[in-house]
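Below is the file input.csv, which contains CSV, C-alpha atoms.
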```csv
chain,number,residue,atom,x,y,z
C,316,MET,CA,-1.3,-9.3,43.0
C,317,ARG,CA,0.2,-6.3,41.1
C,318,SER,CA,-2.2,-3.9,39.4
C,319,VAL,CA,-0.6,-2.9,36.0
C,320,GLY,CA,-1.8,-0.3,33.7
C,321,HIS,CA,-1.4,0.1,29.9
C,322,SER,CA,2.2,1.2,30.2
C,323,GLY,CA,3.3,-1.9,32.1
C,324,VAL,CA,3.9,0.1,35.3
C,325,SER,CA,2.2,-0.7,38.6
C,326,ASP,CA,-0.2,1.7,40.3
C,327,ALA,CA,2.2,1.9,43.3
C,328,GLU,CA,5.1,2.9,41.0
C,329,ILE,CA,3.0,5.6,39.3
C,330,THR,CA,1.9,7.0,42.7
C,331,ALA,CA,5.5,7.0,44.0
C,332,ALA,CA,6.5,9.0,40.9
C,333,HIS,CA,3.9,11.5,41.7
C,334,CYS,CA,5.3,11.9,45.2
C,335,VAL,CA,8.5,13.6,43.9
C,336,ILE,CA,7.1,17.2,44.2
C,337,PRO,CA,5.3,16.7,47.6
C,338,GLY,CA,8.4,14.9,48.9
C,339,LEU,CA,10.8,17.7,47.8
C,340,ALA,CA,8.4,20.3,49.3
C,341,THR,CA,8.3,18.3,52.6
C,342,ALA,CA,12.1,17.9,52.6
C,343,LEU,CA,12.5,21.7,52.1
C,344,SER,CA,10.1,22.5,54.8
C,345,ALA,CA,11.8,20.1,57.2
C,346,LEU,CA,15.1,21.7,56.4
C,347,CYS,CA,13.6,25.2,57.1
C,348,VAL,CA,12.2,24.0,60.4
C,349,GLY,CA,15.5,22.3,61.3
C,350,PHE,CA,17.5,25.5,60.6
C,351,GLY,CA,14.9,27.6,62.4
C,352,VAL,CA,14.9,25.6,65.5
C,353,GLY,CA,18.6,25.0,65.5
C,354,ILE,CA,18.8,21.2,65.6
C,355,GLY,CA,22.0,19.3,64.9
C,356,PRO,CA,23.0,17.6,61.7
C,357,ALA,CA,21.9,14.1,62.9
C,358,ALA,CA,18.5,15.3,64.0
C,359,GLY,CA,18.1,17.3,60.8
C,360,ALA,CA,18.9,14.2,58.7
C,361,VAL,CA,16.4,12.2,60.6
C,362,LEU,CA,13.8,14.9,60.2
C,363,VAL,CA,14.3,15.2,56.4
C,364,VAL,CA,14.4,11.5,55.7
C,365,GLY,CA,11.5,10.7,58.0
C,366,ALA,CA,9.3,13.5,56.6
C,367,VAL,CA,10.0,12.3,53.0
C,368,ALA,CA,9.4,8.7,54.0
C,369,ALA,CA,6.1,9.7,55.6
C,370,VAL,CA,4.9,11.3,52.3
C,371,ILE,CA,5.9,8.3,50.3
C,372,ARG,CA,4.4,5.8,52.8
C,373,ARG,CA,1.1,7.7,52.8
C,374,ALA,CA,1.0,7.9,49.0
C,375,THR,CA,1.8,4.3,48.3
C,376,ARG,CA,-0.7,2.8,50.8
C,377,PRO,CA,-3.0,0.1,49.5
C,378,ALA,CA,-6.6,0.9,48.7
C,379,LEU,CA,-8.6,1.8,51.8
C,380,PRO,CA,-10.6,-1.1,53.3
C,381,TYR,CA,-14.0,0.5,53.4
C,382,GLY,CA,-15.7,-2.9,53.8
C,383,SER,CA,-13.6,-3.9,56.8
C,384,PRO,CA,-15.4,-5.0,60.0
C,385,ALA,CA,-16.7,-2.3,62.3
C,386,VAL,CA,-16.5,-2.1,66.1
C,387,THR,CA,-19.2,-0.4,68.2
C,388,ASP,CA,-18.3,1.2,71.5
C,389,GLY,CA,-21.3,0.3,73.6
C,390,VAL,CA,-20.0,1.7,76.9
C,391,LEU,CA,-19.1,5.4,76.4
C,392,THR,CA,-20.3,6.9,73.2
C,393,GLY,CA,-22.0,4.2,71.1
C,394,ALA,CA,-19.8,5.2,68.2
C,395,THR,CA,-18.9,2.8,65.5
C,396,PHE,CA,-15.5,2.8,63.8
C,397,GLN,CA,-13.4,0.5,61.6
C,398,PRO,CA,-10.0,-0.3,63.1
C,399,ALA,CA,-8.5,-1.5,59.7
C,400,LEU,CA,-9.7,1.7,58.0
C,401,LEU,CA,-8.3,3.9,60.7
C,402,THR,CA,-4.9,2.0,60.6
C,403,ALA,CA,-4.7,2.4,56.8
C,404,GLN,CA,-5.4,6.2,57.1
C,405,LEU,CA,-2.7,6.7,59.7
C,406,ARG,CA,0.1,5.2,57.7
C,407,GLY,CA,1.9,8.5,57.0
C,408,PRO,CA,1.0,10.4,60.1
C,409,MET,CA,2.2,7.7,62.4
C,410,LEU,CA,5.6,7.7,60.7
C,411,THR,CA,5.7,11.5,61.1
C,412,VAL,CA,5.2,11.0,64.9
C,413,VAL,CA,7.9,8.3,65.1
C,414,THR,CA,10.2,10.6,63.1
C,415,ALA,CA,9.5,13.5,65.5
C,416,LEU,CA,10.2,11.3,68.5
C,417,ILE,CA,13.5,10.1,67.1
C,418,ALA,CA,14.6,13.6,66.1
C,419,GLY,CA,13.6,14.9,69.5
C,420,ARG,CA,15.8,12.4,71.2
C,421,LEU,CA,18.8,13.4,69.1
C,422,LEU,CA,18.5,17.1,70.0
```
For this file, produce the structure as C-alpha coordinates.
Amino acid sequence: MRSVGHSGVSDAEITAAHCVIPGLATALSALCVGFGVGIGPAAGAVLVVGAVAAVIRRATRPALPYGSPAVTDGVLTGATFQPALLTAQLRGPMLTVVTALIAGRLL
(Lines of atoms letter the chains of each structure in order from A and count residues from 1; the text may use other names and numbers.)
(Lines give C-alpha, C1' and ligand atoms only; values in the text may rest on other atoms or scores of the structure.)
Protein backbone atom coordinates (compact mmCIF):
# COMPACT_ATOMS: atom_id res chain seq x y z
CA MET A 1 0.00 0.00 0.00
CA ARG A 2 1.31 3.42 -0.95
CA SER A 3 1.17 6.21 1.62
CA VAL A 4 0.15 9.40 -0.17
CA GLY A 5 0.14 12.89 1.32
CA HIS A 6 -1.96 15.91 0.40
CA SER A 7 0.07 16.62 -2.73
CA GLY A 8 -0.53 13.16 -4.23
CA VAL A 9 3.15 12.22 -3.84
CA SER A 10 4.16 9.14 -1.86
CA ASP A 11 6.31 9.34 1.27
CA ALA A 12 9.10 7.43 -0.48
CA GLU A 13 9.15 9.95 -3.35
CA ILE A 14 9.35 12.86 -0.93
CA THR A 15 12.15 11.18 1.02
CA ALA A 16 14.04 10.39 -2.20
CA ALA A 17 13.77 14.05 -3.23
CA HIS A 18 15.30 15.04 0.10
CA CYS A 19 18.26 12.73 -0.65
CA VAL A 20 19.57 15.03 -3.39
CA ILE A 21 21.88 17.13 -1.20
CA PRO A 22 23.17 14.20 0.93
CA GLY A 23 23.61 12.17 -2.27
CA LEU A 24 25.60 14.95 -3.95
CA ALA A 25 27.72 15.45 -0.84
CA THR A 26 28.41 11.73 -0.68
CA ALA A 27 29.30 11.62 -4.39
CA LEU A 28 31.69 14.55 -3.94
CA SER A 29 33.36 12.94 -0.94
CA ALA A 30 33.66 9.62 -2.82
CA LEU A 31 35.32 11.46 -5.72
CA CYS A 32 37.75 13.16 -3.32
CA VAL A 33 38.63 9.83 -1.72
CA GLY A 34 39.02 8.25 -5.16
CA PHE A 35 41.39 10.96 -6.34
CA GLY A 36 43.26 10.96 -3.03
CA VAL A 37 43.84 7.22 -3.06
CA GLY A 38 44.51 7.12 -6.79
CA ILE A 39 42.00 4.49 -7.87
CA GLY A 40 41.17 3.87 -11.52
CA PRO A 41 38.11 5.13 -13.38
CA ALA A 42 36.15 1.86 -13.05
CA ALA A 43 36.68 1.65 -9.29
CA GLY A 44 35.92 5.38 -8.99
CA ALA A 45 32.63 4.95 -10.84
CA VAL A 46 31.68 2.01 -8.61
CA LEU A 47 32.61 4.05 -5.53
CA VAL A 48 30.49 7.07 -6.52
CA VAL A 49 27.46 5.09 -7.74
CA GLY A 50 27.55 2.76 -4.73
CA ALA A 51 27.89 5.57 -2.22
CA VAL A 52 24.97 7.49 -3.69
CA ALA A 53 22.89 4.29 -3.90
CA ALA A 54 23.62 3.61 -0.21
CA VAL A 55 22.35 7.07 0.74
CA ILE A 56 19.16 6.61 -1.29
CA ARG A 57 18.63 3.04 -0.06
CA ARG A 58 18.98 4.16 3.56
CA ALA A 59 16.66 7.12 3.12
CA THR A 60 13.90 5.21 1.32
CA ARG A 61 13.71 2.28 3.71
CA PRO A 62 10.30 1.35 5.07
CA ALA A 63 9.28 2.21 8.61
CA LEU A 64 11.40 0.48 11.25
CA PRO A 65 9.71 -2.67 12.64
CA TYR A 66 9.95 -1.86 16.34
CA GLY A 67 7.29 -4.48 17.11
CA SER A 68 9.15 -7.34 15.41
CA PRO A 69 9.92 -10.56 17.30
CA ALA A 70 12.93 -10.48 19.61
CA VAL A 71 15.57 -13.17 20.09
CA THR A 72 17.35 -13.72 23.41
CA ASP A 73 20.88 -15.07 23.52
CA GLY A 74 20.69 -17.40 26.50
CA VAL A 75 24.19 -18.80 26.10
CA LEU A 76 26.74 -15.97 26.10
CA THR A 77 25.33 -12.61 27.11
CA GLY A 78 21.62 -12.97 27.70
CA ALA A 79 21.10 -9.97 25.42
CA THR A 80 17.86 -9.56 23.50
CA PHE A 81 17.77 -8.12 19.99
CA GLN A 82 15.37 -7.90 17.08
CA PRO A 83 16.78 -9.37 13.84
CA ALA A 84 14.23 -7.61 11.61
CA LEU A 85 14.97 -4.25 13.21
CA LEU A 86 18.72 -4.77 12.87
CA THR A 87 18.33 -5.77 9.21
CA ALA A 88 16.23 -2.67 8.45
CA GLN A 89 18.77 -0.39 10.12
CA LEU A 90 21.65 -1.88 8.12
CA ARG A 91 20.10 -1.20 4.69
CA GLY A 92 22.49 1.59 3.67
CA PRO A 93 25.62 0.53 5.56
CA MET A 94 25.55 -2.98 4.05
CA LEU A 95 25.39 -1.52 0.54
CA THR A 96 28.39 0.64 1.48
CA VAL A 97 30.33 -2.48 2.49
CA VAL A 98 29.42 -4.26 -0.77
CA THR A 99 30.45 -1.17 -2.74
CA ALA A 100 33.80 -1.04 -0.95
CA LEU A 101 34.43 -4.72 -1.67
CA ILE A 102 33.64 -4.32 -5.37
CA ALA A 103 35.73 -1.15 -5.69
CA GLY A 104 38.60 -2.88 -3.86
CA ARG A 105 38.55 -5.74 -6.33
CA LEU A 106 38.78 -3.30 -9.26
CA LEU A 107 41.92 -1.57 -7.94
>> With all atoms listed in the file as the counted atoms, please give the residues lying no more than 8 Å from segment 376-390 of chain C, apart from itself and same-chain residues fewer than 4 positions off, as number ranges by chain.
In response: C: 372, 394-400, 403-404, 406
Atoms to include: C-alpha atoms. Write the selected residues as an mmCIF file, in the frame of the given file.
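Listing of out_20.cif after writing:
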```cif
data_model
loop_
_atom_site.group_PDB
_atom_site.id
_atom_site.type_symbol
_atom_site.label_atom_id
_atom_site.label_comp_id
_atom_site.auth_asym_id
_atom_site.auth_seq_id
_atom_site.Cartn_x
_atom_site.Cartn_y
_atom_site.Cartn_z
ATOM 1 C CA ARG C 372 4.400 5.800 52.800
ATOM 2 C CA ALA C 394 -19.800 5.200 68.200
ATOM 3 C CA THR C 395 -18.900 2.800 65.500
ATOM 4 C CA PHE C 396 -15.500 2.800 63.800
ATOM 5 C CA GLN C 397 -13.400 0.500 61.600
ATOM 6 C CA PRO C 398 -10.000 -0.300 63.100
ATOM 7 C CA ALA C 399 -8.500 -1.500 59.700
ATOM 8 C CA LEU C 400 -9.700 1.700 58.000
ATOM 9 C CA ALA C 403 -4.700 2.400 56.800
ATOM 10 C CA GLN C 404 -5.400 6.200 57.100
ATOM 11 C CA ARG C 406 0.100 5.200 57.700
#
```
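Closest approach to Ala332 of chain C from the set C:Ala360, C:Leu405, C:Leu391, C:Ala374 is made by C:Ala374, with distances taken over all atoms listed in the file.
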>> Give me the residues near Leu416 of chain C as a list in words, where near means some atom within 12 Å (using all atoms listed in the file) and where sequence neighbours in that chain fewer than 6 positions away do not count.
In response: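 Final neighbour list, sorted by chain and number: Ala358, Val361, Leu362, Gly365, Met409, Leu410 and Leu422 of chain C.
Each of C:Val363, C:Gly393, C:Thr375, C:Ile354 was compared to Thr411 of chain C using only C-alpha atoms, and C:Val363 turns out to be the nearest.
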> So how far away is atom CA of Cys347 of chain C from atom CA of Arg373 of chain C, in Å?
Replying inline: 21.9 Å
>> Env of Leu421 of chain C: 8 Å cut, atoms = all atoms listed in the file, seq-sep filter 3 positions within chain, self excluded. Answer as a PyMOL selection string.
In response: chain C and resi 355+357-358+417-418
> Of the residues C:Gly323, C:Pro408, C:Gly419, C:Gly359, which is the one nearest to Ser344 of chain C, using all atoms listed in the file?
Replying inline: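 Counting all atoms listed in the file, the residue closest to Ser344 of chain C is C:Gly359.
You will find atom CA of Asp326 of chain C at 16.2 Å from atom CA of Val370 of chain C.
If you measure from each of C:Thr341, C:Val364, C:Ile371, C:Pro356 to Glu328 of chain C using all atoms listed in the file, the closest one turns out to be C:Ile371.
The spacing separating atom CA of Pro337 of chain C from atom CA of Gly353 of chain C amounts to 23.8 Å.
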